[in-house]
Structures are given as structure tokens and as C-alpha cells.
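Colleague: Dropping the structure in here first, questions after.
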Amino acid sequence: MTTAPAVPARWTADDIPDQTGRTVIVTGANSGLGYVTARELARHGAHVILTARNADKGRAALDRLRGELVAPSLELRALDLADLNSVRDFADTLDAPVDVLVNNAGIMMPPRTLSKQGFESQFATNHLGPFALTGLLLKRLRTGSDPRVVTVTSTLHKNGAIHYDDLDGERSYSPRGFYAQSKYANVLFGLELDRRLRTNAVQVRSILAHPGYSATNLQSSGPTGLLKAILKVTNRLVAQDVETGALNQLYAAAAPQARSGQFIGPDGRNEAKGHPTLVQPAESATDPETARRLWDLSEQLTGVRYDFTD
């Protein structure tokens, strides 16, 4: 972890500096944290590329943003992170520098399903898709201004581990356990990306963020049965609003003080609520050997090899 100026107390979206001239990609921007992130960066002048898996929901979000903002610079593109072919198609359409990639999209605790390439859906959507997308866009990011990769994870990464002997949950699957696996993978990836960028003197920042317990549609679109009912209640009684939850990834994406290798989360009790501050990952997620093993596996599974050379 790097040392840097402290996060300003009670940092809010009003503290975002002018983003004019910057191009930002926000995955999963049609709702929740992604929508707020896209809106606030566009409000401050960025050209925001919104991605959505569902075309109708993406268009509805785009129309809503255009109604909320004054002359925003926005575009919508299709992207299904669970499908590596979709990831490649999306990356192939970009021919200009990218300043910020916010790996925000994800799914949470669904019944066991497999992606088009045969991977467990949470591992595919939350880790393999963002891993491939970041690698495919690295050259575009390197030509950006103060370029950043923001990887959005969860406090549940602290309960996670990589199930190398049952990566897809064929023998034993729990929605919560495999969600934690995917979020643990996010942290291993974000920290290892920082190491490799530094080793190769590549001027791209890799920053982690998590939203605490924020009320989004993740809790209603993935879980089923009793778990869905429980999360519906806790969303209403316990969770903080999505506007506050999005501040952590907004800080990582735009604050001048944010440094590569940092982890940004809420400053409240148990990192559940509050304004952005520096937080610590699970100790096991900081182990370089563990991260290298996952990195090598991810390159093998996605077919994406990172090129850190000029």
C-alpha cells in the first residue's frame, strides 16, 4: 500500500474537480452505483461511456441522465461482462484514449449458473470480465491523461478465497461464498495490477473501492427465496443510500489525492456506511504469490495477456 495525503474529511461529489476533456468508461452504468458514478463524472464535464448488458435499460438510463444534466457528453455501448466475446467486441470499438475505467458492474448471489464460456457466473462477471476488459484497454489507458483503473469490490472479500479445486461450484456451491470469491479476486487483481504497473513504470493508477452496505438492485436482482427477502428488509433498515455509497469509487476515479494501490471505503463502523477514507484489504489478499497465481489463471481462462511494454 502506498502513502499519500489523507482523504479529506466528509468528501462529497461536490469536491470532484473539473473533468472536462476526460473520457471515462463506467460499466454497469444503467442503475445503482454505476448510474450515480456516470452522472457525477458527466456533471463535472467528463465524456462518459456508459455500458449496459440490457439495451433497453441502458437507453432508459441515458435518457434519464440527459434529463437530469445540462448538455452532458454521454454515449451508450453494449457490454456483457459475463461473455468474453462481448468484452472483446466492446474493446475493439474503442479507438481513442481512455482516462478512467470504472469496473463497477457486477452480480450478487444468484443461483448457480454458468457463463457462455462455461465459468461460474459471479466469477465470470465480477472478475474475469473486468480482468479481460482492463487488459484489452491498457494501451488506450496508457495514452490517457492521469489514467486510472477503479475496481469495485466489497467488504465480503474478507470472507473470500479462490476455490481452485472447484472454481465453478460444480461440487459445492453457495451464492454468498462464490460472491465472496469473486470480490476477493477483485482485490487480488487490483493490488497485483498496481504492482505490475509500478514494476514496468507504467503511469496508470490501479485503485480499489467498495461501497459499504449500499441499497442497490444487486440485492434484489441476484438472490432468490429467503435470502432475497432478508436483503429486502436490510436494504430498507440498514443500508445507506446509493448516492453516498458511490462516493468511494468517485473519489478513486477523480480525486487528485487518490494514489495507485490504495483501497477506498466508508469511514463508518465496520466500513458499512459513511464518507470515503483509506481502508485495508484482508491480509491474505495482499500476498503477491496468491495474486500471481490468480493472475496466471485469469490470463489462461480469458486468453488476454497483459502487455506492459511501449
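Each chain in the C-alpha cells gets a letter, A, B, ..., in the order shown, and its residues are numbered from 1; ligands are numbered from 1 in order too.
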Determine, counting only C-alpha atoms, which protein, DNA and RNA residues have an atom within 10 Å of an atom of Arg196 of chain A; residues of the same chain fewer than 6 positions away are not included. Present the result as a VMD selection string.

Modeller: chain A and resid 202 206 306 308

Colleague: For the interface of segment 89-183 of chain A with segment 11-21 of chain A (cut-off 12 Å, counting only C-alpha atoms), please tabulate each contacting residue of segment 89-183 of chain A alongside its nearest pair of atoms and their separation in Å to one decimal, rows sorted by chain and increasing number, as a Markdown table.

Modeller:
```
| residue | atom | partner | partner_atom | distance |
| --- | --- | --- | --- | --- |
| A:Pro97 | CA | A:Gly21 | CA | 10.8 |
| A:Val98 | CA | A:Gly21 | CA | 10.6 |
| A:Asp99 | CA | A:Gly21 | CA | 9.3 |
| A:Val100 | CA | A:Gln19 | CA | 10.6 |
| A:Gly144 | CA | A:Gly21 | CA | 10.2 |
| A:Ser145 | CA | A:Gly21 | CA | 9.1 |
| A:Asp146 | CA | A:Gln19 | CA | 11.1 |
```

Colleague: From the set A:Lys116, A:Arg64, A:Arg59, A:Arg305, which residue has the shortest atom-to-atom contact distance to Asn85 of chain A, counting only C-alpha atoms?

Modeller: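 Residue with the minimum atom-to-atom distance to Asn85 of chain A: A:Lys116.
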
Colleague: Tell me, which residues of segment 7-209 of chain A carry DSSP strand (DSSP E), written as a PDB file with C-alpha atoms, in the first residue's frame?

Modeller:
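Once everything was written out, this is selection_35.pdb:
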```
ATOM      1  CA  THR A  23     -13.085  10.113 -21.193  1.00  0.00           C
ATOM      2  CA  VAL A  24     -14.485   7.738 -18.593  1.00  0.00           C
ATOM      3  CA  ILE A  25     -15.927   4.249 -19.051  1.00  0.00           C
ATOM      4  CA  VAL A  26     -18.377   3.133 -16.358  1.00  0.00           C
ATOM      5  CA  HIS A  47     -17.282  12.406 -21.561  1.00  0.00           C
ATOM      6  CA  VAL A  48     -18.828   9.260 -20.098  1.00  0.00           C
ATOM      7  CA  ILE A  49     -19.220   5.989 -21.962  1.00  0.00           C
ATOM      8  CA  LEU A  50     -21.976   4.064 -20.231  1.00  0.00           C
ATOM      9  CA  THR A  51     -22.071   0.316 -20.689  1.00  0.00           C
ATOM     10  CA  ALA A  52     -25.085  -1.875 -20.107  1.00  0.00           C
ATOM     11  CA  SER A  73     -21.372  14.350 -23.037  1.00  0.00           C
ATOM     12  CA  LEU A  74     -22.590  10.755 -22.993  1.00  0.00           C
ATOM     13  CA  GLU A  75     -22.661   7.669 -25.117  1.00  0.00           C
ATOM     14  CA  LEU A  76     -24.064   4.197 -24.569  1.00  0.00           C
ATOM     15  CA  ARG A  77     -22.422   0.951 -25.611  1.00  0.00           C
ATOM     16  CA  ALA A  78     -23.395  -2.663 -25.144  1.00  0.00           C
ATOM     17  CA  VAL A 100     -10.640   6.292 -16.437  1.00  0.00           C
ATOM     18  CA  LEU A 101     -12.080   2.788 -16.439  1.00  0.00           C
ATOM     19  CA  VAL A 102     -14.504   2.129 -13.583  1.00  0.00           C
ATOM     20  CA  ASN A 103     -15.019  -1.620 -13.258  1.00  0.00           C
ATOM     21  CA  ARG A 148      -6.901   5.195 -13.677  1.00  0.00           C
ATOM     22  CA  VAL A 149      -8.463   1.781 -13.294  1.00  0.00           C
ATOM     23  CA  VAL A 150     -11.005   1.649 -10.468  1.00  0.00           C
ATOM     24  CA  THR A 151     -12.006  -1.846  -9.374  1.00  0.00           C
ATOM     25  CA  VAL A 152     -15.135  -2.003  -7.236  1.00  0.00           C
ATOM     26  CA  ARG A 205      -3.200   4.088 -11.315  1.00  0.00           C
ATOM     27  CA  SER A 206      -4.945   0.964 -10.044  1.00  0.00           C
ATOM     28  CA  ILE A 207      -7.285   1.848  -7.178  1.00  0.00           C
ATOM     29  CA  LEU A 208      -9.758  -0.309  -5.257  1.00  0.00           C
ATOM     30  CA  ALA A 209     -13.059   0.907  -3.821  1.00  0.00           C
TER      31      ALA A 209
END
```

Colleague: I'd like the neighbourhood of segment 124-136 of chain A as a PDB file with N, CA and C atoms, in the first residue's frame, where a residue qualifies if any of its atoms comes within 7 Å (using only C-alpha atoms), though same-chain residues fewer than 5 positions away should be ignored.

Modeller:
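Contents of result-v9.pdb, as written:
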```pdb
ATOM      1  N   LEU A  81     -20.274  -8.356 -19.395  1.00  0.00           N
ATOM      2  CA  LEU A  81     -19.005  -8.798 -18.839  1.00  0.00           C
ATOM      3  C   LEU A  81     -18.941 -10.303 -18.616  1.00  0.00           C
ATOM      4  N   ALA A  82     -20.078 -10.966 -18.571  1.00  0.00           N
ATOM      5  CA  ALA A  82     -20.088 -12.414 -18.405  1.00  0.00           C
ATOM      6  C   ALA A  82     -19.713 -13.149 -19.687  1.00  0.00           C
ATOM      7  N   LEU A  84     -17.041 -13.204 -22.683  1.00  0.00           N
ATOM      8  CA  LEU A  84     -15.737 -12.691 -23.111  1.00  0.00           C
ATOM      9  C   LEU A  84     -15.754 -12.231 -24.561  1.00  0.00           C
ATOM     10  N   VAL A  87     -16.894  -8.709 -24.352  1.00  0.00           N
ATOM     11  CA  VAL A  87     -15.804  -7.869 -23.844  1.00  0.00           C
ATOM     12  C   VAL A  87     -14.845  -7.506 -24.971  1.00  0.00           C
ATOM     13  N   ALA A  91     -14.120  -3.733 -26.582  1.00  0.00           N
ATOM     14  CA  ALA A  91     -12.776  -3.157 -26.615  1.00  0.00           C
ATOM     15  C   ALA A  91     -12.361  -2.804 -28.040  1.00  0.00           C
ATOM     16  N   ASN A 103     -14.490  -0.252 -13.213  1.00  0.00           N
ATOM     17  CA  ASN A 103     -15.019  -1.620 -13.258  1.00  0.00           C
ATOM     18  C   ASN A 103     -16.061  -1.772 -12.149  1.00  0.00           C
ATOM     19  N   GLY A 106     -21.520  -5.704 -11.769  1.00  0.00           N
ATOM     20  CA  GLY A 106     -21.378  -6.980 -11.086  1.00  0.00           C
ATOM     21  C   GLY A 106     -22.729  -7.608 -10.828  1.00  0.00           C
ATOM     22  N   ILE A 107     -22.682  -8.861 -10.416  1.00  0.00           N
ATOM     23  CA  ILE A 107     -23.889  -9.565  -9.984  1.00  0.00           C
ATOM     24  C   ILE A 107     -23.632 -10.123  -8.594  1.00  0.00           C
ATOM     25  N   SER A 115     -21.547 -18.990 -17.368  1.00  0.00           N
ATOM     26  CA  SER A 115     -21.449 -18.012 -18.443  1.00  0.00           C
ATOM     27  C   SER A 115     -21.376 -18.728 -19.790  1.00  0.00           C
ATOM     28  N   PHE A 119     -17.988 -20.566 -17.283  1.00  0.00           N
ATOM     29  CA  PHE A 119     -17.487 -20.211 -15.958  1.00  0.00           C
ATOM     30  C   PHE A 119     -18.651 -19.860 -15.028  1.00  0.00           C
ATOM     31  N   SER A 182     -15.519 -13.974  -5.780  1.00  0.00           N
ATOM     32  CA  SER A 182     -15.347 -13.017  -6.875  1.00  0.00           C
ATOM     33  C   SER A 182     -14.860 -11.666  -6.368  1.00  0.00           C
ATOM     34  N   ALA A 185     -11.249 -11.961  -5.487  1.00  0.00           N
ATOM     35  CA  ALA A 185     -10.489 -11.891  -6.736  1.00  0.00           C
ATOM     36  C   ALA A 185     -10.306 -10.444  -7.181  1.00  0.00           C
ATOM     37  N   ASN A 186     -11.320  -9.606  -6.999  1.00  0.00           N
ATOM     38  CA  ASN A 186     -11.194  -8.179  -7.337  1.00  0.00           C
ATOM     39  C   ASN A 186     -10.029  -7.535  -6.610  1.00  0.00           C
ATOM     40  N   SER A 298      -6.161 -16.305 -14.616  1.00  0.00           N
ATOM     41  CA  SER A 298      -7.083 -15.410 -15.315  1.00  0.00           C
ATOM     42  C   SER A 298      -6.636 -15.190 -16.756  1.00  0.00           C
ATOM     43  N   THR A 302      -9.131 -16.346 -19.788  1.00  0.00           N
ATOM     44  CA  THR A 302      -9.670 -15.311 -20.671  1.00  0.00           C
ATOM     45  C   THR A 302      -8.963 -15.242 -22.011  1.00  0.00           C
ATOM     46  N   VAL A 304      -6.476 -13.356 -22.438  1.00  0.00           N
ATOM     47  CA  VAL A 304      -5.969 -11.976 -22.500  1.00  0.00           C
ATOM     48  C   VAL A 304      -4.637 -11.910 -21.778  1.00  0.00           C
ATOM     49  N   ARG A 305      -3.591 -11.549 -22.492  1.00  0.00           N
ATOM     50  CA  ARG A 305      -2.269 -11.365 -21.919  1.00  0.00           C
ATOM     51  C   ARG A 305      -1.977  -9.882 -21.829  1.00  0.00           C
ATOM     52  N   TYR A 306      -1.619  -9.427 -20.648  1.00  0.00           N
ATOM     53  CA  TYR A 306      -1.328  -8.006 -20.455  1.00  0.00           C
ATOM     54  C   TYR A 306       0.027  -7.652 -21.077  1.00  0.00           C
TER      55      TYR A 306
END
```
